Number of protein chains: 2
Amino acid sequence: MECQDYGLSRTGERENLNLNPLQRGGFLTEDARKALYEFSDGYSVCDYCAGRLDEIKKPGISNFLDDLANFIGVDHARTVHGAREGKFAVMHALCQPDDTIIIDGNAHYTTYLAAERNHLNMVEVSSNDYPEYRITPENFKETLDAQFDHGEDISLILLTHVDGDYGNLTDARAIGKIARHYGVPLLLNCAYSMGRLPVDARSLKADFVVGSGHKSMAASGPIGVLGLKDEWAEVVLKRSETHGVKEIEMLGCTSRGAPIATLMASLPYVIDRVEKWDDEVQKTRDFVEKMEKIGGIKQLGVKPKDHDLVRLETPVFDEIAEKHPRRGFFLYEDLKKRNIVGIKRGQTKWFKCSTYGFNQEQTDYIARSFAEIVEKYS
Amino acid sequence: MECQDYGLSRTGERENLNLNPLQRGGFLTEDARKALYEFSDGYSVCDYCAGRLDEIKKPGISNFLDDLANFIGVDHARTVHGAREGKFAVMHALCQPDDTIIIDGNAHYTTYLAAERNHLNMVEVSSNDYPEYRITPENFKETLDAQFDHGEDISLILLTHVDGDYGNLTDARAIGKIARHYGVPLLLNCAYSMGRLPVDARSLKADFVVGSGHKSMAASGPIGVLGLKDEWAEVVLKRSETHGVKEIEMLGCTSRGAPIATLMASLPYVIDRVEKWDDEVQKTRDFVEKMEKIGGIKQLGVKPKDHDLVRLETPVFDEIAEKHPRRGFFLYEDLKKRNIVGIKRGQTKWFKCSTYGFNQEQTDYIARSFAEIVEKYS
């Protein structure tokens, strides 16, 4: 049989300035590229496995997991296929079907999917309204109180550390304290934080953290991180009754291939880069300031920014689109001419973007490009 | 903080003749290496996603899944993280906790783990005894009859198409017919077959098939294939109630990164190579014949071989080890001097090996090397 042409190249996204927040934290380091080459074939990390992925010494997965646990402030670290798979595993180990969990109103869709797959009831903690969409500890407390007043048990609280819609950084430590006060375990979804900014599960009072290698830790997808406190190890890392060394929720082994090698290779770099987080935040704030000088553009979410993911309302581009022969596609195409990609084709009313990892010159060029496009059509 | 040295190189396994059956089917093609480079960064396949991984047009994931479904004879194909994750998803969608499933006695440990994670009861169909360990349709029928006689419901039959201990190819079609006769859905674990030999789910009467990209389809791990008949789509590919386009068992999306690009790039090559399966089997039989001429070496499992995975009893190496100053390590070390790797360090009583993908000259060299090592010490 003949296969179709799958168009397996990505030159445009690799070689231009890519503003997609989903992509900015996942660019490989030079060392990760080398590791990808070394471990590209099949089951490459399993050459010297004696039955447990997390205990492999060559390559040093076992040492790596110790360093990783240290880095994120947990007692045990495992790699999973991504943050969502980590959330599913924790819910699956802790909850029974029909249990109730509390989630924040800015939770990623995969939080809902993981809960649905586990047949759990979800109670949402609302954010405040437009334009902030802020999640507050007070709202968390109210929701918990209301549940307990109704005599409902809560099996788990899931808090999105930084959400993917507005890039709001939640006060995880305050919510962690509330969770601990009520005796409910807290799972912190750090897909947009771990690897970008310092995350210490202990100081945030989180029982569990999940992170995403491809989103924020300079790794090839799919790979994620699950970290937990020792008191949950027996539940979440429970071993098989039939194959005594294998952990059930991990289905024995998880990351059996190249992505874990890239995560390992990037860890030293990631540990360094989170220390420069304040610079990233400042750069983002400056960028937002420049963008908001373009008539009518407005940043949504909490101000000033505490994260690089920026959501902008951009009526000015929508107005141009109405009269432009290429309609909504003009913005994508005008940006591409300037070697800028990552804003969805056709999107002009609003968009999400990030300058994470760009230097100041690149960031200024990007802001100037948006301004020039507006000028061009006015 | 300082990271330890993780030793991220794999020169020995990449550059020598690697006999590990786990590795032989996962070596990347030239095209897959290029795809790996193109899609190495983070969430690389998600640039043009409109909400569904399986419907992405650039790269052509949607076209690829059509071709893949066609190749393996199913109505719907999805990528999963590996065969085990595919098995878990099918069990999770079809079964309730405490349901009973039937598995074959040569099932991979991950079949047990997937069932345990789903809280299922397993009834094993025994293989016959040493040295064949053959799984027969008759034993399957007997086990099913016994269950139904006891009034037990069976939710699923899981058959290992080719097992990883003996490399026995089961008569899937005969067992598929039995399953259909009793009205029990059949899940065929093709981790060691799909991508090595022709697998057509329709003719094998399988409701579900799972395959492994890193084990047998020339792809970077972790990646697997789940194929199913249309009648199961509503159950296994059920959509979320909160996020209507997302499939619950897939947690929305599965293979969000480089491995799927390698699987896509290798598919045309894999489609070709399964046509040459008879040559691989003949090469394996010749290899076994040569190995059995070395005093005392005996092939376990069904004879003659119908698969490249060979398990050999090798008392002759064990006897050498008893007197050798390096003890059991001598075999690994003597092979390595001859640029042969993939037999576990210290193992001499028996081992598994495969010559899949080696040319005749390489295969002859490998057999001769074992003979020369025996001669050297006798």
# chains A, B, ... in the order shown; residues from 1 in each chain; ligands from 1
$ interface_residues --of "chain A" --to "chain B" --cutoff "6 Å" --atoms "only C-alpha atoms" --output "PDB file with C-alpha atoms, in the first residue's frame"
ATOM      1  CA  TYR A   6       2.668  13.614   5.861  1.00  0.00           C
ATOM      2  CA  GLY A   7       4.665  16.819   5.382  1.00  0.00           C
ATOM      3  CA  LEU A   8       7.157  16.063   8.128  1.00  0.00           C
ATOM      4  CA  SER A   9       9.013  19.354   8.263  1.00  0.00           C
ATOM      5  CA  ARG A  10       8.732  22.221  10.683  1.00  0.00           C
ATOM      6  CA  GLY A  26      10.044  23.342  25.390  1.00  0.00           C
ATOM      7  CA  PHE A  27      12.891  24.329  23.088  1.00  0.00           C
ATOM      8  CA  LEU A  28      15.712  21.874  23.527  1.00  0.00           C
ATOM      9  CA  GLU A  38      22.120   9.259  21.338  1.00  0.00           C
ATOM     10  CA  SER A  40      16.775   8.142  19.380  1.00  0.00           C
ATOM     11  CA  ASP A  41      16.249   4.414  18.738  1.00  0.00           C
ATOM     12  CA  GLY A  42      13.240   2.608  20.172  1.00  0.00           C
ATOM     13  CA  TYR A  43      13.532   1.579  23.815  1.00  0.00           C
ATOM     14  CA  PRO A  59      21.972   6.341  31.759  1.00  0.00           C
ATOM     15  CA  GLY A  60      21.705   7.725  35.293  1.00  0.00           C
ATOM     16  CA  LEU A 113     -10.590  14.926  31.376  1.00  0.00           C
ATOM     17  CA  ARG A 117     -11.871   9.403  33.183  1.00  0.00           C
ATOM     18  CA  HIS A 214       7.633  19.566  26.711  1.00  0.00           C
ATOM     19  CA  ALA A 219      12.410  18.530  26.736  1.00  0.00           C
ATOM     20  CA  SER A 220      10.975  16.605  23.807  1.00  0.00           C
ATOM     21  CA  GLY A 221       7.375  15.576  24.373  1.00  0.00           C
ATOM     22  CA  PRO A 222       5.743  13.558  25.678  1.00  0.00           C
ATOM     23  CA  ILE A 248       0.886  -0.120  39.280  1.00  0.00           C
ATOM     24  CA  LEU A 251       2.096   0.515  34.499  1.00  0.00           C
ATOM     25  CA  ARG A 256      10.862   4.367  27.948  1.00  0.00           C
ATOM     26  CA  GLY A 257      12.619   6.355  25.227  1.00  0.00           C
TER      27      GLY A 257
END
$ residues_around --residues "Glu142 of chain A" --least-positions-apart "5" --cutoff "9 Å" --atoms "only C-alpha atoms" --output "PyMOL selection string"
chain A and resi 125+137+147
$ write_last_selection --atoms "N, CA and C atoms" --output "compact mmCIF listing (two decimals), in the first residue's frame"
# COMPACT_ATOMS: atom_id res chain seq x y z
N VAL A 125 -13.97 26.16 41.90
CA VAL A 125 -13.80 27.43 42.62
C VAL A 125 -13.76 28.53 41.55
N PRO A 137 -7.43 32.64 47.37
CA PRO A 137 -7.53 31.72 48.50
C PRO A 137 -8.89 31.84 49.20
N GLN A 147 -18.85 23.02 50.89
CA GLN A 147 -18.90 21.57 50.70
C GLN A 147 -19.02 20.85 52.03
$ closest_residue --among "A:Val210, A:Gly195, A:Asp165, A:Met122" --to "Leu263 of chain A" --atoms "only C-alpha atoms"
A:Gly195
$ atom_distance --atom1 "atom CA of Asn189 of chain A" --atom2 "atom CA of Phe148 of chain A"
23.8 Å
$ residues_around --residues "Ile297 of chain A" --least-positions-apart "6" --cutoff "8 Å" --atoms "only C-alpha atoms" --output "list in words"
Met291, Leu312, Glu313, Thr314, Pro315 and Val316 of chain A
$ residues_around --residues "Leu186 of chain A" --least-positions-apart "2" --cutoff "10 Å" --atoms "only C-alpha atoms" --output "list in words"
Ile102, Ser155, Leu156, Ile157, Leu158, Leu159, Ala172, Ile175, Gly176, Lys177, Ile178, Ala179, Arg180, Gly183, Val184, Leu188, Asn189, Leu204, Lys205, Ala206, Asp207, Phe208 and Val209 of chain A
$ write_last_selection --atoms "N, CA and C atoms" --output "compact mmCIF listing (two decimals), in the first residue's frame"
# COMPACT_ATOMS: atom_id res chain seq x y z
N ILE A 102 -12.13 19.23 44.34
CA ILE A 102 -12.26 20.67 44.12
C ILE A 102 -11.21 21.08 43.09
N SER A 155 -12.02 14.55 48.29
CA SER A 155 -10.88 13.63 48.21
C SER A 155 -9.59 14.32 47.81
N LEU A 156 -9.70 15.42 47.08
CA LEU A 156 -8.50 16.03 46.53
C LEU A 156 -8.82 17.46 46.11
N ILE A 157 -7.83 18.33 46.26
CA ILE A 157 -7.93 19.68 45.69
C ILE A 157 -6.90 19.76 44.57
N LEU A 158 -7.35 20.24 43.42
CA LEU A 158 -6.41 20.44 42.33
C LEU A 158 -6.33 21.92 42.00
N LEU A 159 -5.13 22.46 42.15
CA LEU A 159 -4.93 23.87 41.86
C LEU A 159 -3.97 24.02 40.68
N ALA A 172 -0.34 29.74 45.53
CA ALA A 172 -0.40 28.32 45.85
C ALA A 172 -0.14 28.07 47.33
N ILE A 175 -3.22 28.74 49.41
CA ILE A 175 -4.24 27.70 49.17
C ILE A 175 -3.75 26.37 49.73
N GLY A 176 -2.44 26.14 49.66
CA GLY A 176 -1.86 24.94 50.26
C GLY A 176 -2.09 24.91 51.77
N LYS A 177 -1.96 26.06 52.41
CA LYS A 177 -2.20 26.12 53.86
C LYS A 177 -3.66 25.81 54.19
N ILE A 178 -4.55 26.35 53.35
CA ILE A 178 -5.98 26.08 53.57
C ILE A 178 -6.26 24.58 53.41
N ALA A 179 -5.71 24.01 52.35
CA ALA A 179 -5.90 22.57 52.10
C ALA A 179 -5.42 21.76 53.30
N ARG A 180 -4.26 22.13 53.80
CA ARG A 180 -3.70 21.39 54.92
C ARG A 180 -4.57 21.57 56.17
N GLY A 183 -7.26 19.31 55.94
CA GLY A 183 -6.84 17.91 55.82
C GLY A 183 -7.14 17.28 54.47
N VAL A 184 -7.17 18.11 53.44
CA VAL A 184 -7.42 17.58 52.09
C VAL A 184 -6.12 17.67 51.28
N LEU A 188 -0.83 20.19 42.81
CA LEU A 188 -0.54 21.45 42.14
C LEU A 188 -0.10 21.16 40.70
N ASN A 189 -0.86 21.71 39.76
CA ASN A 189 -0.52 21.52 38.34
C ASN A 189 0.46 22.61 37.91
N LEU A 204 5.25 25.32 49.22
CA LEU A 204 3.90 25.60 48.72
C LEU A 204 2.85 24.71 49.39
N LYS A 205 3.29 23.83 50.28
CA LYS A 205 2.39 22.94 51.02
C LYS A 205 1.60 22.02 50.09
N ALA A 206 2.22 21.65 48.99
CA ALA A 206 1.55 20.75 48.05
C ALA A 206 1.92 19.30 48.36
N ASP A 207 0.93 18.43 48.36
CA ASP A 207 1.20 17.01 48.53
C ASP A 207 1.76 16.39 47.26
N PHE A 208 1.26 16.92 46.12
CA PHE A 208 1.68 16.43 44.80
C PHE A 208 1.94 17.61 43.88
N VAL A 209 2.92 17.47 43.04
CA VAL A 209 3.09 18.43 41.94
C VAL A 209 3.24 17.64 40.64
$ select_by_dssp --residues "segment 16-229 of chain B" --states "alpha helix (DSSP H)" --output "mmCIF file with N, CA and C atoms, in the first residue's frame"
data_model
loop_
_atom_site.group_PDB
_atom_site.id
_atom_site.type_symbol
_atom_site.label_atom_id
_atom_site.label_comp_id
_atom_site.auth_asym_id
_atom_site.auth_seq_id
_atom_site.Cartn_x
_atom_site.Cartn_y
_atom_site.Cartn_z
ATOM 1 N N PRO B 21 16.316 -8.463 21.774
ATOM 2 C CA PRO B 21 15.087 -8.500 20.972
ATOM 3 C C PRO B 21 14.226 -7.243 21.161
ATOM 4 N N LEU B 22 14.315 -6.652 22.361
ATOM 5 C CA LEU B 22 13.588 -5.433 22.695
ATOM 6 C C LEU B 22 14.016 -4.260 21.823
ATOM 7 N N GLN B 23 15.247 -4.318 21.333
ATOM 8 C CA GLN B 23 15.800 -3.178 20.595
ATOM 9 C C GLN B 23 15.753 -3.369 19.080
ATOM 10 N N ARG B 24 15.661 -4.584 18.601
ATOM 11 C CA ARG B 24 15.874 -4.829 17.171
ATOM 12 C C ARG B 24 14.817 -4.190 16.269
ATOM 13 N N GLU B 30 16.254 6.250 8.335
ATOM 14 C CA GLU B 30 16.864 7.535 8.004
ATOM 15 C C GLU B 30 15.800 8.647 8.042
ATOM 16 N N ASP B 31 14.634 8.365 7.476
ATOM 17 C CA ASP B 31 13.557 9.359 7.475
ATOM 18 C C ASP B 31 13.086 9.684 8.893
ATOM 19 N N ALA B 32 13.059 8.677 9.745
ATOM 20 C CA ALA B 32 12.637 8.914 11.130
ATOM 21 C C ALA B 32 13.652 9.783 11.864
ATOM 22 N N ARG B 33 14.930 9.598 11.544
ATOM 23 C CA ARG B 33 15.961 10.459 12.161
ATOM 24 C C ARG B 33 15.768 11.912 11.754
ATOM 25 N N LYS B 34 15.430 12.115 10.490
ATOM 26 C CA LYS B 34 15.179 13.483 10.042
ATOM 27 C C LYS B 34 13.957 14.058 10.752
ATOM 28 N N ALA B 35 12.902 13.253 10.853
ATOM 29 C CA ALA B 35 11.673 13.722 11.514
ATOM 30 C C ALA B 35 11.945 14.040 12.979
ATOM 31 N N LEU B 36 12.789 13.234 13.594
ATOM 32 C CA LEU B 36 13.127 13.457 15.001
ATOM 33 C C LEU B 36 13.801 14.814 15.161
ATOM 34 N N TYR B 37 14.682 15.125 14.223
ATOM 35 C CA TYR B 37 15.349 16.426 14.262
ATOM 36 C C TYR B 37 14.333 17.552 14.075
ATOM 37 N N GLU B 38 13.473 17.409 13.084
ATOM 38 C CA GLU B 38 12.487 18.460 12.805
ATOM 39 C C GLU B 38 11.552 18.699 13.995
ATOM 40 N N ILE B 61 -1.035 14.116 10.608
ATOM 41 C CA ILE B 61 -1.373 13.044 11.554
ATOM 42 C C ILE B 61 -2.675 12.360 11.155
ATOM 43 N N SER B 62 -3.627 13.157 10.710
ATOM 44 C CA SER B 62 -4.919 12.601 10.328
ATOM 45 C C SER B 62 -4.775 11.620 9.157
ATOM 46 N N ASN B 63 -4.035 12.011 8.123
ATOM 47 C CA ASN B 63 -3.783 11.103 6.995
ATOM 48 C C ASN B 63 -3.007 9.865 7.444
ATOM 49 N N PHE B 64 -2.042 10.100 8.309
ATOM 50 C CA PHE B 64 -1.228 8.989 8.819
ATOM 51 C C PHE B 64 -2.097 7.948 9.540
ATOM 52 N N LEU B 65 -3.029 8.430 10.366
ATOM 53 C CA LEU B 65 -3.867 7.489 11.116
ATOM 54 C C LEU B 65 -4.789 6.702 10.185
ATOM 55 N N ASP B 66 -5.212 7.335 9.091
ATOM 56 C CA ASP B 66 -5.992 6.600 8.083
ATOM 57 C C ASP B 66 -5.159 5.483 7.465
ATOM 58 N N ASP B 67 -3.924 5.832 7.084
ATOM 59 C CA ASP B 67 -3.034 4.830 6.486
ATOM 60 C C ASP B 67 -2.743 3.699 7.476
ATOM 61 N N LEU B 68 -2.516 4.101 8.720
ATOM 62 C CA LEU B 68 -2.201 3.119 9.757
ATOM 63 C C LEU B 68 -3.375 2.163 9.972
ATOM 64 N N ALA B 69 -4.584 2.716 10.049
ATOM 65 C CA ALA B 69 -5.785 1.893 10.235
ATOM 66 C C ALA B 69 -5.913 0.893 9.081
ATOM 67 N N ASN B 70 -5.644 1.379 7.899
ATOM 68 C CA ASN B 70 -5.676 0.556 6.702
ATOM 69 C C ASN B 70 -4.641 -0.574 6.793
ATOM 70 N N PHE B 71 -3.456 -0.216 7.225
ATOM 71 C CA PHE B 71 -2.338 -1.161 7.323
ATOM 72 C C PHE B 71 -2.631 -2.311 8.291
ATOM 73 N N ILE B 72 -3.279 -2.001 9.418
ATOM 74 C CA ILE B 72 -3.491 -3.040 10.437
ATOM 75 C C ILE B 72 -4.919 -3.583 10.433
ATOM 76 N N ALA B 83 2.093 -0.024 23.992
ATOM 77 C CA ALA B 83 1.087 -1.093 24.004
ATOM 78 C C ALA B 83 0.388 -1.168 25.361
ATOM 79 N N ARG B 84 1.160 -1.014 26.437
ATOM 80 C CA ARG B 84 0.566 -1.148 27.772
ATOM 81 C C ARG B 84 -0.511 -0.098 28.014
ATOM 82 N N GLU B 85 -0.229 1.146 27.573
ATOM 83 C CA GLU B 85 -1.211 2.217 27.770
ATOM 84 C C GLU B 85 -2.460 1.947 26.921
ATOM 85 N N GLY B 86 -2.268 1.312 25.765
ATOM 86 C CA GLY B 86 -3.410 0.914 24.943
ATOM 87 C C GLY B 86 -4.251 -0.159 25.631
ATOM 88 N N LYS B 87 -3.580 -1.124 26.221
ATOM 89 C CA LYS B 87 -4.308 -2.184 26.938
ATOM 90 C C LYS B 87 -5.079 -1.599 28.115
ATOM 91 N N PHE B 88 -4.409 -0.720 28.850
ATOM 92 C CA PHE B 88 -5.085 -0.103 29.992
ATOM 93 C C PHE B 88 -6.340 0.638 29.540
ATOM 94 N N ALA B 89 -6.226 1.395 28.453
ATOM 95 C CA ALA B 89 -7.354 2.198 27.981
ATOM 96 C C ALA B 89 -8.535 1.313 27.578
ATOM 97 N N VAL B 90 -8.257 0.224 26.880
ATOM 98 C CA VAL B 90 -9.345 -0.672 26.462
ATOM 99 C C VAL B 90 -10.017 -1.299 27.680
ATOM 100 N N MET B 91 -9.213 -1.814 28.591
ATOM 101 C CA MET B 91 -9.783 -2.417 29.811
ATOM 102 C C MET B 91 -10.597 -1.387 30.585
ATOM 103 N N HIS B 92 -10.046 -0.173 30.687
ATOM 104 C CA HIS B 92 -10.697 0.870 31.470
ATOM 105 C C HIS B 92 -12.042 1.250 30.874
ATOM 106 N N ALA B 93 -12.096 1.286 29.544
ATOM 107 C CA ALA B 93 -13.334 1.678 28.885
ATOM 108 C C ALA B 93 -14.373 0.562 28.925
ATOM 109 N N LEU B 94 -13.918 -0.690 28.827
ATOM 110 C CA LEU B 94 -14.858 -1.808 28.686
ATOM 111 C C LEU B 94 -15.291 -2.430 30.007
ATOM 112 N N TYR B 109 4.157 -8.726 31.409
ATOM 113 C CA TYR B 109 3.823 -8.248 32.760
ATOM 114 C C TYR B 109 2.911 -7.032 32.724
ATOM 115 N N THR B 110 2.993 -6.255 31.657
ATOM 116 C CA THR B 110 2.166 -5.047 31.600
ATOM 117 C C THR B 110 0.683 -5.365 31.415
ATOM 118 N N THR B 111 0.380 -6.560 30.899
ATOM 119 C CA THR B 111 -1.019 -6.987 30.844
ATOM 120 C C THR B 111 -1.553 -7.136 32.273
ATOM 121 N N TYR B 112 -0.737 -7.748 33.125
ATOM 122 C CA TYR B 112 -1.123 -7.901 34.533
ATOM 123 C C TYR B 112 -1.260 -6.532 35.198
ATOM 124 N N LEU B 113 -0.286 -5.666 34.939
ATOM 125 C CA LEU B 113 -0.312 -4.337 35.567
ATOM 126 C C LEU B 113 -1.550 -3.553 35.127
ATOM 127 N N ALA B 114 -1.848 -3.605 33.824
ATOM 128 C CA ALA B 114 -3.013 -2.876 33.318
ATOM 129 C C ALA B 114 -4.291 -3.401 33.962
ATOM 130 N N ALA B 115 -4.370 -4.715 34.122
ATOM 131 C CA ALA B 115 -5.562 -5.308 34.752
ATOM 132 C C ALA B 115 -5.621 -4.962 36.238
ATOM 133 N N GLU B 116 -4.474 -5.035 36.902
ATOM 134 C CA GLU B 116 -4.448 -4.671 38.332
ATOM 135 C C GLU B 116 -4.856 -3.215 38.535
ATOM 136 N N ARG B 117 -4.343 -2.346 37.661
ATOM 137 C CA ARG B 117 -4.656 -0.924 37.794
ATOM 138 C C ARG B 117 -6.157 -0.695 37.611
ATOM 139 N N PRO B 137 -5.490 -22.833 21.050
ATOM 140 C CA PRO B 137 -6.916 -22.490 21.009
ATOM 141 C C PRO B 137 -7.729 -23.441 21.885
ATOM 142 N N GLU B 138 -7.328 -24.719 21.939
ATOM 143 C CA GLU B 138 -8.073 -25.692 22.747
ATOM 144 C C GLU B 138 -8.076 -25.281 24.217
ATOM 145 N N ASN B 139 -6.890 -24.867 24.714
ATOM 146 C CA ASN B 139 -6.825 -24.434 26.117
ATOM 147 C C ASN B 139 -7.677 -23.195 26.356
ATOM 148 N N PHE B 140 -7.695 -22.314 25.363
ATOM 149 C CA PHE B 140 -8.536 -21.124 25.488
ATOM 150 C C PHE B 140 -10.005 -21.525 25.612
ATOM 151 N N LYS B 141 -10.402 -22.443 24.753
ATOM 152 C CA LYS B 141 -11.794 -22.866 24.752
ATOM 153 C C LYS B 141 -12.163 -23.533 26.090
ATOM 154 N N GLU B 142 -11.271 -24.381 26.568
ATOM 155 C CA GLU B 142 -11.521 -25.058 27.856
ATOM 156 C C GLU B 142 -11.695 -24.052 28.990
ATOM 157 N N THR B 143 -10.795 -23.067 29.015
ATOM 158 C CA THR B 143 -10.853 -22.068 30.089
ATOM 159 C C THR B 143 -12.153 -21.280 30.012
ATOM 160 N N LEU B 144 -12.528 -20.896 28.802
ATOM 161 C CA LEU B 144 -13.782 -20.160 28.631
ATOM 162 C C LEU B 144 -14.970 -21.018 29.067
ATOM 163 N N ASP B 145 -14.985 -22.281 28.635
ATOM 164 C CA ASP B 145 -16.086 -23.171 29.012
ATOM 165 C C ASP B 145 -16.193 -23.290 30.530
ATOM 166 N N ALA B 146 -15.033 -23.450 31.165
ATOM 167 C CA ALA B 146 -15.030 -23.606 32.622
ATOM 168 C C ALA B 146 -15.598 -22.356 33.295
ATOM 169 N N GLN B 147 -15.235 -21.189 32.788
ATOM 170 C CA GLN B 147 -15.750 -19.945 33.367
ATOM 171 C C GLN B 147 -17.259 -19.856 33.202
ATOM 172 N N PHE B 148 -17.706 -20.133 31.995
ATOM 173 C CA PHE B 148 -19.151 -20.016 31.749
ATOM 174 C C PHE B 148 -19.917 -21.073 32.543
ATOM 175 N N ASP B 149 -19.322 -22.261 32.710
ATOM 176 C CA ASP B 149 -19.962 -23.298 33.527
ATOM 177 C C ASP B 149 -20.165 -22.814 34.962
ATOM 178 N N ALA B 172 -3.756 -16.615 16.538
ATOM 179 C CA ALA B 172 -4.698 -15.560 16.934
ATOM 180 C C ALA B 172 -6.043 -15.730 16.232
ATOM 181 N N ARG B 173 -6.003 -16.120 14.970
ATOM 182 C CA ARG B 173 -7.244 -16.229 14.216
ATOM 183 C C ARG B 173 -8.172 -17.304 14.808
ATOM 184 N N ALA B 174 -7.597 -18.446 15.176
ATOM 185 C CA ALA B 174 -8.409 -19.511 15.767
ATOM 186 C C ALA B 174 -8.984 -19.047 17.110
ATOM 187 N N ILE B 175 -8.161 -18.365 17.898
ATOM 188 C CA ILE B 175 -8.637 -17.894 19.209
ATOM 189 C C ILE B 175 -9.642 -16.752 19.011
ATOM 190 N N GLY B 176 -9.407 -15.934 17.983
ATOM 191 C CA GLY B 176 -10.366 -14.877 17.643
ATOM 192 C C GLY B 176 -11.735 -15.448 17.296
ATOM 193 N N LYS B 177 -11.733 -16.556 16.559
ATOM 194 C CA LYS B 177 -13.009 -17.194 16.199
ATOM 195 C C LYS B 177 -13.736 -17.711 17.437
ATOM 196 N N ILE B 178 -12.957 -18.281 18.363
ATOM 197 C CA ILE B 178 -13.558 -18.774 19.613
ATOM 198 C C ILE B 178 -14.155 -17.605 20.396
ATOM 199 N N ALA B 179 -13.375 -16.531 20.506
ATOM 200 C CA ALA B 179 -13.857 -15.355 21.244
ATOM 201 C C ALA B 179 -15.171 -14.860 20.640
ATOM 202 N N ARG B 180 -15.194 -14.786 19.313
ATOM 203 C CA ARG B 180 -16.396 -14.285 18.650
ATOM 204 C C ARG B 180 -17.568 -15.242 18.878
ATOM 205 N N HIS B 181 -17.287 -16.545 18.834
ATOM 206 C CA HIS B 181 -18.330 -17.547 19.080
ATOM 207 C C HIS B 181 -18.981 -17.334 20.451
ATOM 208 N N TYR B 182 -18.150 -17.007 21.445
ATOM 209 C CA TYR B 182 -18.677 -16.813 22.802
ATOM 210 C C TYR B 182 -19.144 -15.372 23.036
ATOM 211 N N GLY B 213 5.442 1.202 18.949
ATOM 212 C CA GLY B 213 6.327 1.870 18.003
ATOM 213 C C GLY B 213 7.783 1.635 18.315
ATOM 214 N N HIS B 214 8.143 1.753 19.599
ATOM 215 C CA HIS B 214 9.549 1.612 19.986
ATOM 216 C C HIS B 214 10.009 0.158 19.952
ATOM 217 N N LYS B 215 9.089 -0.779 20.095
ATOM 218 C CA LYS B 215 9.504 -2.184 20.087
ATOM 219 C C LYS B 215 9.599 -2.736 18.668
ATOM 220 N N SER B 216 8.650 -2.386 17.827
ATOM 221 C CA SER B 216 8.571 -3.096 16.540
ATOM 222 C C SER B 216 8.231 -2.233 15.332
#
$ select_by_dssp --residues "segment 221-371 of chain A" --states "strand (DSSP E)" --output "ChimeraX atom specification"
/A:224-228,298-300,310-313,340-341,350-353
$ atom_distance --atom1 "atom CA of Tyr133 of chain A" --atom2 "atom CA of Ile103 of chain A"
14.6 Å
$ atom_distance --atom1 "atom CA of Asp163 of chain A" --atom2 "atom CA of Asp306 of chain A"
11.6 Å
